[in-house]
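Undergrad: coords.cif is the file, holding mmCIF, C-alpha atoms:
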```
data_input
loop_
_atom_site.group_PDB
_atom_site.id
_atom_site.type_symbol
_atom_site.label_atom_id
_atom_site.label_comp_id
_atom_site.auth_asym_id
_atom_site.auth_seq_id
_atom_site.Cartn_x
_atom_site.Cartn_y
_atom_site.Cartn_z
ATOM 1 C CA MET A 1 -73.184 75.907 -14.154
ATOM 2 C CA PRO A 2 -75.883 74.168 -16.168
ATOM 3 C CA VAL A 3 -74.794 72.416 -19.331
ATOM 4 C CA ILE A 4 -77.319 72.041 -22.124
ATOM 5 C CA ARG A 5 -76.881 69.324 -24.708
ATOM 6 C CA LEU A 6 -79.053 69.763 -27.751
ATOM 7 C CA ASP A 7 -79.174 66.729 -30.046
ATOM 8 C CA PHE A 8 -80.909 67.081 -33.384
ATOM 9 C CA ASP A 9 -81.653 65.311 -36.637
ATOM 10 C CA ASN A 10 -80.282 67.422 -39.475
ATOM 11 C CA SER A 11 -82.515 65.650 -41.972
ATOM 12 C CA LYS A 12 -85.507 67.223 -40.177
ATOM 13 C CA VAL A 13 -84.096 70.469 -38.740
ATOM 14 C CA ASP A 14 -81.854 73.068 -40.384
ATOM 15 C CA ASN A 15 -78.619 74.120 -38.638
ATOM 16 C CA ASN A 16 -79.770 77.768 -38.601
ATOM 17 C CA ASP A 17 -82.901 76.766 -36.686
ATOM 18 C CA ILE A 18 -80.691 74.960 -34.157
ATOM 19 C CA VAL A 19 -78.491 78.029 -33.650
ATOM 20 C CA ILE A 20 -81.594 80.146 -32.997
ATOM 21 C CA LEU A 21 -82.975 77.557 -30.564
ATOM 22 C CA SER A 22 -79.594 77.172 -28.832
ATOM 23 C CA ASN A 23 -79.459 80.888 -28.084
ATOM 24 C CA ALA A 24 -83.052 80.884 -26.859
ATOM 25 C CA ILE A 25 -82.715 77.888 -24.530
ATOM 26 C CA GLN A 26 -79.438 79.258 -23.147
ATOM 27 C CA LYS A 27 -81.151 82.522 -22.228
ATOM 28 C CA ILE A 28 -84.228 80.803 -20.791
ATOM 29 C CA VAL A 29 -82.239 78.417 -18.588
ATOM 30 C CA SER A 30 -79.924 81.205 -17.437
ATOM 31 C CA GLU A 31 -82.870 83.399 -16.441
ATOM 32 C CA GLU A 32 -84.887 80.607 -14.816
ATOM 33 C CA THR A 33 -81.930 79.385 -12.741
ATOM 34 C CA ASN A 34 -80.388 82.812 -12.082
ATOM 35 C CA ILE A 35 -77.063 81.358 -13.245
ATOM 36 C CA GLU A 36 -75.092 83.347 -15.799
ATOM 37 C CA ASP A 37 -72.732 80.556 -16.885
ATOM 38 C CA VAL A 38 -74.955 78.303 -18.979
ATOM 39 C CA PHE A 39 -73.382 76.483 -21.916
ATOM 40 C CA VAL A 40 -74.991 74.856 -24.951
ATOM 41 C CA TYR A 41 -73.494 72.079 -27.044
ATOM 42 C CA ALA A 42 -75.576 71.291 -30.137
ATOM 43 C CA ASN A 43 -74.807 68.069 -31.978
ATOM 44 C CA ASN A 44 -76.062 66.089 -34.915
ATOM 45 C CA ALA A 45 -75.251 62.381 -34.697
ATOM 46 C CA ASP A 46 -73.729 60.599 -37.670
ATOM 47 C CA ILE A 47 -75.832 57.552 -36.870
ATOM 48 C CA LYS A 48 -79.498 58.042 -35.990
ATOM 49 C CA ILE A 49 -82.115 55.388 -35.355
ATOM 50 C CA LYS A 50 -85.672 56.443 -34.486
ATOM 51 C CA VAL A 51 -84.557 59.796 -33.071
ATOM 52 C CA ALA A 52 -86.715 62.800 -32.315
ATOM 53 C CA PRO A 53 -86.132 65.955 -34.380
ATOM 54 C CA ILE A 54 -84.789 67.818 -31.315
ATOM 55 C CA GLU A 55 -83.806 66.618 -27.843
ATOM 56 C CA ILE A 56 -82.730 69.088 -25.166
ATOM 57 C CA PHE A 57 -80.942 67.705 -22.095
ATOM 58 C CA ILE A 58 -80.276 70.167 -19.272
ATOM 59 C CA GLN A 59 -77.652 68.899 -16.829
ATOM 60 C CA MET A 60 -77.435 70.860 -13.600
ATOM 61 C CA SER A 61 -75.983 70.393 -10.127
ATOM 62 C CA ASP A 62 -78.677 68.825 -7.978
ATOM 63 C CA HIS A 63 -77.951 71.096 -5.025
ATOM 64 C CA LYS A 64 -78.776 74.146 -7.178
ATOM 65 C CA ILE A 65 -82.279 72.839 -7.937
ATOM 66 C CA LYS A 66 -84.810 73.776 -5.258
ATOM 67 C CA ASN A 67 -87.757 72.060 -6.934
ATOM 68 C CA GLU A 68 -87.260 69.914 -10.034
ATOM 69 C CA ASP A 69 -90.927 69.968 -11.025
ATOM 70 C CA GLU A 70 -91.191 73.752 -10.796
ATOM 71 C CA LEU A 71 -87.942 74.285 -12.704
ATOM 72 C CA ILE A 72 -88.819 71.987 -15.616
ATOM 73 C CA LYS A 73 -92.317 73.486 -15.730
ATOM 74 C CA SER A 74 -91.017 77.063 -15.876
ATOM 75 C CA ILE A 75 -88.480 76.190 -18.585
ATOM 76 C CA LYS A 76 -91.155 74.339 -20.571
ATOM 77 C CA THR A 77 -93.569 77.274 -20.267
ATOM 78 C CA ARG A 78 -90.943 79.788 -21.401
ATOM 79 C CA LEU A 79 -89.834 77.542 -24.263
ATOM 80 C CA THR A 80 -93.436 77.033 -25.399
ATOM 81 C CA GLU A 81 -94.029 80.799 -25.353
ATOM 82 C CA TRP A 82 -90.806 81.386 -27.285
ATOM 83 C CA LYS A 83 -91.829 78.809 -29.903
ATOM 84 C CA LYS A 84 -95.185 80.541 -30.435
ATOM 85 C CA GLU A 85 -93.654 84.029 -30.595
ATOM 86 C CA ASN A 86 -91.016 82.896 -33.100
ATOM 87 C CA ASN A 87 -93.192 80.578 -35.187
ATOM 88 C CA TYR A 88 -90.834 77.698 -34.352
ATOM 89 C CA ASN A 89 -92.756 74.586 -35.347
ATOM 90 C CA HIS A 90 -90.266 71.799 -34.646
ATOM 91 C CA LEU A 91 -91.197 69.376 -31.879
ATOM 92 C CA ILE A 92 -88.821 69.389 -28.907
ATOM 93 C CA ASN A 93 -88.273 66.828 -26.165
ATOM 94 C CA LEU A 94 -87.031 68.436 -22.953
ATOM 95 C CA THR A 95 -85.197 66.608 -20.151
ATOM 96 C CA LEU A 96 -83.837 67.968 -16.868
ATOM 97 C CA ILE A 97 -81.019 65.859 -15.435
ATOM 98 C CA PRO A 98 -79.987 66.710 -11.870
ATOM 99 C CA MET A 99 -76.300 65.858 -11.496
ATOM 100 C CA HIS A 100 -74.299 65.036 -8.398
ATOM 101 C CA TRP A 101 -70.893 65.969 -9.699
ATOM 102 C CA LYS A 102 -67.674 67.558 -8.578
ATOM 103 C CA ILE A 103 -66.230 70.099 -10.988
ATOM 104 C CA GLU A 104 -62.639 71.364 -11.210
ATOM 105 C CA ILE A 105 -62.242 74.281 -13.630
ATOM 106 C CA GLY A 106 -59.114 75.624 -15.309
ATOM 107 C CA ILE A 107 -56.728 72.815 -14.460
#
```
The structure in this file should be written as structure tokens.
TA:
Amino acid sequence: MPVIRLDFDNSKVDNNDIVILSNAIQKIVSEETNIEDVFVYANNADIKIKVAPIEIFIQMSDHKIKNEDELIKSIKTRLTEWKKENNYNHLINLTLIPMHWKIEIGI
């Protein structure tokens, strides 16, 4: 299950814009990975020093990624198309983080 962390600077980006983006990136990642359970946590830091307006970090089990370059490229392409279609002008930094983790759910 990919986890998306979206960090943003609320002095540059409105919360409503972040909600819209959160829904969009959740759908894009879910469709590109064929994984239904994709979660988004959007956060604004209390302390910010030289931060980008929006940072998206996608954490995903490494064994579920067949080709990192192709996956990040397809997500970037879809996100770029979505931005154009929705007149979303904020700059976004996108990072894919393959994770080697063990997960226990519902303990």
Undergrad: Quick one: residues within 9 Å of (-82.2, 63.6, -12.7) (file frame), counting all atoms listed in the file, please, as a compact mmCIF listing (two decimals) with C-alpha atoms, in the frame of the given file.
TA:
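Here's the written file out-v7.txt:
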```
# COMPACT_ATOMS: atom_id res chain seq x y z
CA GLN A 59 -77.65 68.90 -16.83
CA MET A 60 -77.44 70.86 -13.60
CA ASP A 62 -78.68 68.82 -7.98
CA GLU A 68 -87.26 69.91 -10.03
CA THR A 95 -85.20 66.61 -20.15
CA LEU A 96 -83.84 67.97 -16.87
CA ILE A 97 -81.02 65.86 -15.44
CA PRO A 98 -79.99 66.71 -11.87
CA MET A 99 -76.30 65.86 -11.50
```
Undergrad: Build an axis-aligned box that encloses every atom of range 95-98 of chain A listed in the file, pad it by 4 Å on each side, and report its centre and edge lengths in Å to one decimal, as JSON.
TA:
```
{"center_x": -82.6, "center_y": 66.9, "center_z": -16.0, "size_x": 13.2, "size_y": 10.1, "size_z": 16.3}
```
Undergrad: Written as a list in words, which residues does the PyMOL selection byres ((chain A and resi 35) around 12) give for the file shown?
TA: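 Selected by the PyMOL selection byres ((chain A and resi 35) around 12) in this file: Met1, Pro2, Val3, Gln26, Lys27, Ile28, Val29, Ser30, Glu31, Glu32, Thr33, Asn34, Glu36, Asp37, Val38, Phe39, Met60, Ser61, Lys64 and Ile65 of chain A.
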Undergrad: Export, as a tab-separated table (two decimals), keeping the file's coordinate frame, the selected residues with C-alpha atoms.
TA:
```tsv
chain	number	residue	atom	x	y	z
A	1	MET	CA	-73.18	75.91	-14.15
A	2	PRO	CA	-75.88	74.17	-16.17
A	3	VAL	CA	-74.79	72.42	-19.33
A	26	GLN	CA	-79.44	79.26	-23.15
A	27	LYS	CA	-81.15	82.52	-22.23
A	28	ILE	CA	-84.23	80.80	-20.79
A	29	VAL	CA	-82.24	78.42	-18.59
A	30	SER	CA	-79.92	81.20	-17.44
A	31	GLU	CA	-82.87	83.40	-16.44
A	32	GLU	CA	-84.89	80.61	-14.82
A	33	THR	CA	-81.93	79.39	-12.74
A	34	ASN	CA	-80.39	82.81	-12.08
A	36	GLU	CA	-75.09	83.35	-15.80
A	37	ASP	CA	-72.73	80.56	-16.89
A	38	VAL	CA	-74.96	78.30	-18.98
A	39	PHE	CA	-73.38	76.48	-21.92
A	60	MET	CA	-77.44	70.86	-13.60
A	61	SER	CA	-75.98	70.39	-10.13
A	64	LYS	CA	-78.78	74.15	-7.18
A	65	ILE	CA	-82.28	72.84	-7.94
```
Undergrad: Can you give me, as a PDB file with C-alpha atoms, in the coordinates of the input, the residues this file yields under the PyMOL selection byres ((chain A and resi 10) around 10)?
TA:
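Everything below was put into part-v7.pdb:
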```
ATOM      1  CA  ASP A   7     -79.174  66.729 -30.046  1.00  0.00           C
ATOM      2  CA  PHE A   8     -80.909  67.081 -33.384  1.00  0.00           C
ATOM      3  CA  ASP A   9     -81.653  65.311 -36.637  1.00  0.00           C
ATOM      4  CA  SER A  11     -82.515  65.650 -41.972  1.00  0.00           C
ATOM      5  CA  LYS A  12     -85.507  67.223 -40.177  1.00  0.00           C
ATOM      6  CA  VAL A  13     -84.096  70.469 -38.740  1.00  0.00           C
ATOM      7  CA  ASP A  14     -81.854  73.068 -40.384  1.00  0.00           C
ATOM      8  CA  ASN A  15     -78.619  74.120 -38.638  1.00  0.00           C
ATOM      9  CA  ILE A  18     -80.691  74.960 -34.157  1.00  0.00           C
ATOM     10  CA  ASN A  43     -74.807  68.069 -31.978  1.00  0.00           C
ATOM     11  CA  ASN A  44     -76.062  66.089 -34.915  1.00  0.00           C
ATOM     12  CA  ALA A  45     -75.251  62.381 -34.697  1.00  0.00           C
ATOM     13  CA  ASP A  46     -73.729  60.599 -37.670  1.00  0.00           C
ATOM     14  CA  PRO A  53     -86.132  65.955 -34.380  1.00  0.00           C
ATOM     15  CA  ILE A  54     -84.789  67.818 -31.315  1.00  0.00           C
TER      16      ILE A  54
END
```
Undergrad: Could you check how far CA of Lys48 in chain A sits from CA of Ile25 in chain A, in Å to one decimal?
TA: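 Here the two named atoms are 23.1 Å from each other.
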Undergrad: I need the residue nearest His90 in chain A from this list: A:Ile72, A:Val19, A:Ile58, A:Ala52. Use all atoms listed in the file for the distance.
TA: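 When distances to His90 in chain A are compared using all atoms listed in the file, the smallest one comes from A:Ala52.
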Undergrad: Expanded to explicit residues, what is the PyMOL selection byres ((chain A and resi 89) around 12) for this file, as number ranges by chain?
TA: A: 12-13, 17, 21, 53-54, 79-88, 90-92
